[in-house]
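Okay, so here's the structure we're looking at.
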Amino acid sequence: MSEVSFKVNGSAVTVDVEPRTLLVDALRQNLGLTGTHVGCDTSQCGCCVIHMDGTSVKACTMLAVQAEGSAITTIEGLAQGDELHPMQAAFRDHHGLQCGFCTPGMIMSAVDLLQHNPKPTEREIREWLEGNLCRCTGYHNIVKAIQAAAGSAVSSPMAAE
């Protein structure tokens, strides 16, 4: 077993994992943060997107031991108490989800997009989301939600740590 220490959603944690444990599994199984989904096991779907040190990464492509010393934000860490993050609110308000399985990864990717490009075009949004698959919506309302959130402060609350 390996002991790994990092911050998750602003709290310092230490987990004991086998060296081959994926970060997504450590978040879900060791820490109970089940908002980060496993959808494909091949890093194709983007359901497992989190922020590591302020940048979106697919947690199924990383070993937990690679997160040593990092600051991680999951979908559970975006909201401030009962107040949704502006991107979460935009997805709700613009019906940017149906079954909801891809939604956490879509939101985490979209927050990172707006950190890099605060006023993306529709084409830029669609290109950014190429690594996130939705089997339900056809992306129209997802794009509308991201465009609506583009006017809000959408930085990751844990990115500055």
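Residues are named by chain letter and number: chains run A, B, ... in the order of the structure tokens, numbers start at 1 in each chain, and ligands are numbered from 1 in the order shown.
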
- Which residues in chain A does DSSP call strand (DSSP E or B)? List them as a ChimeraX atom specification. /A:2-8,11-17,22,49-52,55-58,63,71-73,80,83

Please, could you write that set of residues out with N, CA and C atoms as a PDB file, in the first residue's frame?
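The new file selection.pdb reads:
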ATOM      1  N   SER A   2       0.364   2.291  -0.606  1.00  0.00           N
ATOM      2  CA  SER A   2       1.060   3.567  -0.636  1.00  0.00           C
ATOM      3  C   SER A   2       0.188   4.619   0.031  1.00  0.00           C
ATOM      4  N   GLU A   3       0.797   5.472   0.804  1.00  0.00           N
ATOM      5  CA  GLU A   3       0.087   6.574   1.432  1.00  0.00           C
ATOM      6  C   GLU A   3       0.232   7.794   0.529  1.00  0.00           C
ATOM      7  N   VAL A   4      -0.907   8.396   0.187  1.00  0.00           N
ATOM      8  CA  VAL A   4      -0.928   9.553  -0.700  1.00  0.00           C
ATOM      9  C   VAL A   4      -1.655  10.685   0.016  1.00  0.00           C
ATOM     10  N   SER A   5      -1.045  11.875   0.022  1.00  0.00           N
ATOM     11  CA  SER A   5      -1.653  13.048   0.651  1.00  0.00           C
ATOM     12  C   SER A   5      -1.863  14.135  -0.395  1.00  0.00           C
ATOM     13  N   PHE A   6      -3.048  14.736  -0.363  1.00  0.00           N
ATOM     14  CA  PHE A   6      -3.372  15.843  -1.250  1.00  0.00           C
ATOM     15  C   PHE A   6      -4.555  16.584  -0.656  1.00  0.00           C
ATOM     16  N   LYS A   7      -4.935  17.691  -1.280  1.00  0.00           N
ATOM     17  CA  LYS A   7      -6.130  18.419  -0.864  1.00  0.00           C
ATOM     18  C   LYS A   7      -7.259  18.083  -1.826  1.00  0.00           C
ATOM     19  N   VAL A   8      -8.424  17.847  -1.261  1.00  0.00           N
ATOM     20  CA  VAL A   8      -9.611  17.622  -2.079  1.00  0.00           C
ATOM     21  C   VAL A   8     -10.686  18.582  -1.609  1.00  0.00           C
ATOM     22  N   SER A  11      -9.866  20.441   1.575  1.00  0.00           N
ATOM     23  CA  SER A  11      -9.517  19.708   2.794  1.00  0.00           C
ATOM     24  C   SER A  11      -8.337  18.776   2.541  1.00  0.00           C
ATOM     25  N   ALA A  12      -7.387  18.789   3.459  1.00  0.00           N
ATOM     26  CA  ALA A  12      -6.246  17.881   3.354  1.00  0.00           C
ATOM     27  C   ALA A  12      -6.703  16.461   3.658  1.00  0.00           C
ATOM     28  N   VAL A  13      -6.280  15.518   2.819  1.00  0.00           N
ATOM     29  CA  VAL A  13      -6.625  14.110   3.016  1.00  0.00           C
ATOM     30  C   VAL A  13      -5.389  13.250   2.804  1.00  0.00           C
ATOM     31  N   THR A  14      -5.393  12.104   3.419  1.00  0.00           N
ATOM     32  CA  THR A  14      -4.386  11.084   3.192  1.00  0.00           C
ATOM     33  C   THR A  14      -5.125   9.771   3.002  1.00  0.00           C
ATOM     34  N   VAL A  15      -4.773   9.053   1.932  1.00  0.00           N
ATOM     35  CA  VAL A  15      -5.414   7.776   1.648  1.00  0.00           C
ATOM     36  C   VAL A  15      -4.347   6.707   1.456  1.00  0.00           C
ATOM     37  N   ASP A  16      -4.675   5.499   1.856  1.00  0.00           N
ATOM     38  CA  ASP A  16      -3.832   4.339   1.605  1.00  0.00           C
ATOM     39  C   ASP A  16      -4.390   3.620   0.389  1.00  0.00           C
ATOM     40  N   VAL A  17      -3.575   3.516  -0.648  1.00  0.00           N
ATOM     41  CA  VAL A  17      -4.019   2.888  -1.890  1.00  0.00           C
ATOM     42  C   VAL A  17      -2.936   1.946  -2.401  1.00  0.00           C
ATOM     43  N   LEU A  22      -6.348   3.860  -9.568  1.00  0.00           N
ATOM     44  CA  LEU A  22      -6.631   5.061 -10.350  1.00  0.00           C
ATOM     45  C   LEU A  22      -7.148   6.163  -9.430  1.00  0.00           C
ATOM     46  N   VAL A  49     -13.862  13.852 -15.287  1.00  0.00           N
ATOM     47  CA  VAL A  49     -13.059  15.083 -15.253  1.00  0.00           C
ATOM     48  C   VAL A  49     -13.141  15.755 -13.891  1.00  0.00           C
ATOM     49  N   ILE A  50     -11.970  16.097 -13.382  1.00  0.00           N
ATOM     50  CA  ILE A  50     -11.796  16.855 -12.142  1.00  0.00           C
ATOM     51  C   ILE A  50     -10.820  17.976 -12.445  1.00  0.00           C
ATOM     52  N   HIS A  51     -10.571  18.830 -11.477  1.00  0.00           N
ATOM     53  CA  HIS A  51      -9.505  19.832 -11.605  1.00  0.00           C
ATOM     54  C   HIS A  51      -8.364  19.427 -10.694  1.00  0.00           C
ATOM     55  N   MET A  52      -7.182  19.404 -11.241  1.00  0.00           N
ATOM     56  CA  MET A  52      -5.987  19.158 -10.448  1.00  0.00           C
ATOM     57  C   MET A  52      -5.108  20.395 -10.605  1.00  0.00           C
ATOM     58  N   THR A  55      -6.446  22.764 -13.292  1.00  0.00           N
ATOM     59  CA  THR A  55      -6.581  22.357 -14.681  1.00  0.00           C
ATOM     60  C   THR A  55      -7.409  21.081 -14.762  1.00  0.00           C
ATOM     61  N   SER A  56      -8.270  20.992 -15.770  1.00  0.00           N
ATOM     62  CA  SER A  56      -9.092  19.795 -15.906  1.00  0.00           C
ATOM     63  C   SER A  56      -8.249  18.610 -16.365  1.00  0.00           C
ATOM     64  N   VAL A  57      -8.476  17.478 -15.712  1.00  0.00           N
ATOM     65  CA  VAL A  57      -7.817  16.226 -16.074  1.00  0.00           C
ATOM     66  C   VAL A  57      -8.832  15.098 -15.945  1.00  0.00           C
ATOM     67  N   LYS A  58      -8.596  14.035 -16.679  1.00  0.00           N
ATOM     68  CA  LYS A  58      -9.437  12.844 -16.570  1.00  0.00           C
ATOM     69  C   LYS A  58      -8.857  11.971 -15.472  1.00  0.00           C
ATOM     70  N   LEU A  63      -2.910   7.723 -11.925  1.00  0.00           N
ATOM     71  CA  LEU A  63      -2.840   6.934 -10.707  1.00  0.00           C
ATOM     72  C   LEU A  63      -3.003   7.864  -9.515  1.00  0.00           C
ATOM     73  N   ALA A  71      -3.712  19.891  -5.407  1.00  0.00           N
ATOM     74  CA  ALA A  71      -5.012  20.412  -4.975  1.00  0.00           C
ATOM     75  C   ALA A  71      -6.036  19.953  -6.003  1.00  0.00           C
ATOM     76  N   ILE A  72      -7.005  19.175  -5.560  1.00  0.00           N
ATOM     77  CA  ILE A  72      -8.007  18.599  -6.441  1.00  0.00           C
ATOM     78  C   ILE A  72      -9.364  19.202  -6.108  1.00  0.00           C
ATOM     79  N   THR A  73     -10.106  19.513  -7.158  1.00  0.00           N
ATOM     80  CA  THR A  73     -11.490  19.940  -6.999  1.00  0.00           C
ATOM     81  C   THR A  73     -12.356  18.978  -7.786  1.00  0.00           C
ATOM     82  N   GLN A  80     -20.721  26.483  -3.237  1.00  0.00           N
ATOM     83  CA  GLN A  80     -20.358  27.100  -1.962  1.00  0.00           C
ATOM     84  C   GLN A  80     -21.545  26.932  -1.024  1.00  0.00           C
ATOM     85  N   GLU A  83     -25.235  27.273  -2.286  1.00  0.00           N
ATOM     86  CA  GLU A  83     -25.229  28.093  -3.497  1.00  0.00           C
ATOM     87  C   GLU A  83     -24.463  27.385  -4.605  1.00  0.00           C
TER      88      GLU A  83
END

- Message: Taking only chain A into account, list the residues labelled alpha helix (DSSP H) by DSSP (computed from the backbone), as a PyMOL selection string.
- Response: chain A and resi 23-25+86-93+103-116+122-128+140-149

Atoms kept (C-alpha atoms) for selection, written as an mmCIF file, in the first residue's frame:
data_model
loop_
_atom_site.group_PDB
_atom_site.id
_atom_site.type_symbol
_atom_site.label_atom_id
_atom_site.label_comp_id
_atom_site.auth_asym_id
_atom_site.auth_seq_id
_atom_site.Cartn_x
_atom_site.Cartn_y
_atom_site.Cartn_z
ATOM 1 C CA LEU A 23 -7.326 8.535 -8.992
ATOM 2 C CA VAL A 24 -11.014 8.209 -9.898
ATOM 3 C CA ASP A 25 -11.245 5.054 -7.796
ATOM 4 C CA PRO A 86 -22.540 29.615 -11.731
ATOM 5 C CA MET A 87 -21.822 26.792 -14.195
ATOM 6 C CA GLN A 88 -23.936 24.340 -12.203
ATOM 7 C CA ALA A 89 -26.759 26.894 -12.087
ATOM 8 C CA ALA A 90 -26.472 27.510 -15.836
ATOM 9 C CA PHE A 91 -26.728 23.773 -16.572
ATOM 10 C CA ARG A 92 -29.838 23.625 -14.384
ATOM 11 C CA ASP A 93 -31.411 26.782 -15.816
ATOM 12 C CA THR A 103 -22.912 16.285 -16.294
ATOM 13 C CA PRO A 104 -20.177 16.425 -13.616
ATOM 14 C CA GLY A 105 -17.445 15.947 -16.229
ATOM 15 C CA MET A 106 -19.103 18.420 -18.604
ATOM 16 C CA ILE A 107 -19.348 21.053 -15.872
ATOM 17 C CA MET A 108 -15.757 20.566 -14.726
ATOM 18 C CA SER A 109 -14.523 20.815 -18.339
ATOM 19 C CA ALA A 110 -16.672 23.882 -18.972
ATOM 20 C CA VAL A 111 -15.338 25.671 -15.873
ATOM 21 C CA ASP A 112 -11.788 25.037 -17.108
ATOM 22 C CA LEU A 113 -12.716 26.298 -20.578
ATOM 23 C CA LEU A 114 -13.960 29.598 -19.183
ATOM 24 C CA GLN A 115 -10.799 29.962 -17.103
ATOM 25 C CA HIS A 116 -8.831 29.796 -20.360
ATOM 26 C CA GLU A 122 -20.068 28.124 -29.967
ATOM 27 C CA ARG A 123 -17.420 26.436 -32.096
ATOM 28 C CA GLU A 124 -14.776 26.853 -29.368
ATOM 29 C CA ILE A 125 -17.150 25.357 -26.788
ATOM 30 C CA ARG A 126 -17.926 22.382 -28.997
ATOM 31 C CA GLU A 127 -14.224 21.816 -29.742
ATOM 32 C CA TRP A 128 -13.325 21.998 -26.026
ATOM 33 C CA HIS A 140 -27.386 22.049 -27.851
ATOM 34 C CA ASN A 141 -28.482 22.892 -24.299
ATOM 35 C CA ILE A 142 -25.026 22.116 -22.902
ATOM 36 C CA VAL A 143 -23.576 24.748 -25.236
ATOM 37 C CA LYS A 144 -26.355 27.196 -24.276
ATOM 38 C CA ALA A 145 -25.601 26.641 -20.586
ATOM 39 C CA ILE A 146 -21.890 27.307 -21.056
ATOM 40 C CA GLN A 147 -22.622 30.435 -23.080
ATOM 41 C CA ALA A 148 -24.951 31.657 -20.335
ATOM 42 C CA ALA A 149 -22.335 31.016 -17.656
#

- Query: Which of these residues is nearest to Gly77 of chain A, using only C-alpha atoms: A:Thr21, A:Thr34, A:Thr121, A:Thr61?
  - Reply: A:Thr34

- Query: In Å, how far is it from atom CA of Glu76 of chain A to atom CA of Pro118 of chain A?
  - Reply: 22.5 Å

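Relative to atom CA of Gly32 of chain A, atom CA of Gly81 of chain A is found at 17.9 Å.
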
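Across A:Thr74, A:Ser43, A:Gln98, A:Asn30, the tightest approach to Met62 of chain A is made by A:Ser43 when counting only C-alpha atoms.
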
- Any idea what the distance is between atom CA of Gln66 of chain A and atom CA of Pro19 of chain A?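 Interatomic distance, atom CA of Gln66 of chain A to atom CA of Pro19 of chain A: 9.5 Å.
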
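Of the listed residues (A:Leu84, A:Ala67, A:Leu78, A:Ala150), A:Leu78 comes nearest to Gly10 of chain A; the distances count only C-alpha atoms.
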
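Proximity to Gly96 of chain A was assessed for A:Gly131, A:Gly69, A:Ala79, A:Tyr139 counting only C-alpha atoms; the smallest distance is recorded for A:Tyr139.
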
- Message: With distances taken over only C-alpha atoms, which residue among A:Gln44, A:Gly54, A:Ser70, A:His85 lies nearest Glu130 of chain A?
- Response: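 Checking each candidate against Glu130 of chain A, we get A:Gln44 as the closest.
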